[in-house]
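Take a look at the structure set out below.
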Amino acid sequence: MSARNTTSFYHPPAGGLPGQTELHTGRAVFTEAYALIPKGVMRDIVTSYLPFWEKARAWVLARPMTGFSETFSQYLMEVQPGGGSDRPEPDSGVEGVILVVDGAVTIMLGGDDHELAVGGYAFLPPGAKWSLRATGTEPARFHWIRKAYESVDGLGVPEAFFRNERELTPIAMPDTEGRWATTRFVEPEDLRHDMHVNIVTLEPGGVIPFEETHVMEHGLFVLQGKAVYRLNRDWVEVEAGDFMWLRAFCPQACYAGGPEKFRYLLYKDVNRHPKLGRL
């Protein structure tokens, strides 16, 4: 991890390959209710290359799977300087969120250039004609979350926006004295949005004090710190660089440990009726 990220509290992928003398002591697990993909699994050998992307590779952390999590995909992208894509999104019905965790990118949309440094966040609505290039002298690394947008008759499609996490004030959860807070990029009452991608922060010793059990699916990438997370029947220890993938109704709770804040990027699907099968 670069010195810049050490001070900025974002965690890029591990990359590389373990040495032949290292012990097999990984924490990866896939269950019927959740998956844990620890940072040590995100090595060169499991990357993919994507059509129409140049000088770029992706760690595919989540994708729709029947009987598991079905609403989204999540990539951790690494793009070399000057690389990127003029045709990044192949599906006109898909919306996206990008969070830059290392380096810098420029996103071109509607004739305007939007420069995103570490902490930069972009929402890209379905049908948007955008492109992306890595700028600067170091590789750019960013999360890219994709979801098939669920339109609703009478509600418009949300517009694109570009922000930086540092410009926003985390909102404390009720009765927590700020120990548990959420940085929200979208207002919860804006029903045009059918997904929220936020950053959750727990101070050392902070807790999610009950087992959340709900219809939303989750992708949780740990940006900083460590914690013990309750996932279904298990307590698992997680740290910066780990990814948790939760299907709907997986019970979850958390105790934040260690000397620094515990922070993670959180995806969840919201604001829509569940689709019902019909004969």
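Within each chain, counting starts at residue 1; across the structure tokens, chains are named A, B, ... in the order shown, with ligands numbered 1 upward in that order.
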
Spatial neighbours of Gly241 (chain A), 6 Å, only C-alpha atoms, chain gap at least 2 places, as a PDB file with C-alpha atoms, in the first residue's frame:
ATOM      1  CA  HIS A  11      -6.977   0.180   0.708  1.00  0.00           C
ATOM      2  CA  LYS A  39      -7.155  -9.308   0.826  1.00  0.00           C
ATOM      3  CA  VAL A 222     -13.114  -2.823   4.192  1.00  0.00           C
TER       4      VAL A 222
END

Within 10 Å of Gly67 (chain A), counting only C-alpha atoms, which residues show up once you throw out same-chain ones fewer than 4 positions away? Write them as a compact mmCIF listing (two decimals) with all heavy atoms, in the first residue's frame, please.
# COMPACT_ATOMS: atom_id res chain seq x y z
N GLU A 32 -23.62 -20.65 2.24
CA GLU A 32 -24.93 -20.43 1.62
C GLU A 32 -25.47 -19.03 1.86
O GLU A 32 -26.38 -18.59 1.17
CB GLU A 32 -25.94 -21.47 2.14
CG GLU A 32 -26.46 -21.23 3.55
CD GLU A 32 -25.49 -21.63 4.65
OE1 GLU A 32 -24.39 -22.12 4.34
OE2 GLU A 32 -25.84 -21.46 5.84
N ALA A 33 -24.89 -18.28 2.83
CA ALA A 33 -25.41 -16.97 3.19
C ALA A 33 -24.44 -15.83 2.95
O ALA A 33 -24.86 -14.68 2.80
CB ALA A 33 -25.83 -16.97 4.66
N ARG A 247 -25.82 -12.34 0.89
CA ARG A 247 -27.10 -12.48 0.22
C ARG A 247 -28.20 -11.87 1.09
O ARG A 247 -27.97 -11.53 2.25
CB ARG A 247 -27.40 -13.94 -0.08
CG ARG A 247 -27.64 -14.80 1.15
CD ARG A 247 -28.00 -16.23 0.79
NE ARG A 247 -29.27 -16.29 0.05
CZ ARG A 247 -29.80 -17.43 -0.41
NH1 ARG A 247 -29.16 -18.58 -0.25
NH2 ARG A 247 -30.94 -17.42 -1.04
N ALA A 248 -29.39 -11.73 0.53
CA ALA A 248 -30.51 -11.19 1.29
C ALA A 248 -30.78 -12.03 2.53
O ALA A 248 -30.65 -13.25 2.52
CB ALA A 248 -31.76 -11.15 0.40

Taking the backbone alone, and naming residues the way the document does, which bits of region 2-169 of chain A are strand (DSSP E) by DSSP, as a PyMOL selection string? chain A and resi 29-30+34-37+54-62+72-85+94-102+104-109+112-116+120-124+130-135+140-148+161-164

What's around region 260-271 of chain A at 7 Å? Count only C-alpha atoms, leave out sequence neighbours fewer than 6 positions away in its own chain, and write the answer as a list in words.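 That gives Leu191, Asp194, Met195, His196, Val197, Asn198, Ile199, Val200, Thr201, Leu202, Glu203, Pro204, Met216, Glu217, His218, Gly219, Leu220, Phe221, Val222, Leu223, Gln224, Gly225, Lys226 and Ala227 of chain A.
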
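Interatomic distance, CA of Thr213 (chain A) to CA of Met244 (chain A): 15.4 Å.
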
Between A:Pro158, A:Gly258, A:Gly103, A:Pro274, which residue has the minimum interatomic distance to Gly120 (chain A), considering only C-alpha atoms? A:Gly103

From A:Phe249, A:Phe243, A:Phe123, A:Trp130, residue lying nearest Val157 (chain A) [only C-alpha atoms]: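 Nearest to Val157 (chain A): A:Phe123.
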
What gap, in Å, lies between CA of Val228 (chain A) and CA of Val29 (chain A)? 15.2 Å

If we count only C-alpha atoms, what is near Leu116 (chain A) at a cut-off of 9 Å, once residues fewer than 4 positions away on the same chain are taken out, given as a list in words?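 Using only C-alpha atoms, the neighbours found are Leu99, Val100, Gly103, Ala104, Val105, Thr106, Ile107, Gly120, Tyr121, Ala122, Phe162, Arg163 and Asn164 of chain A.
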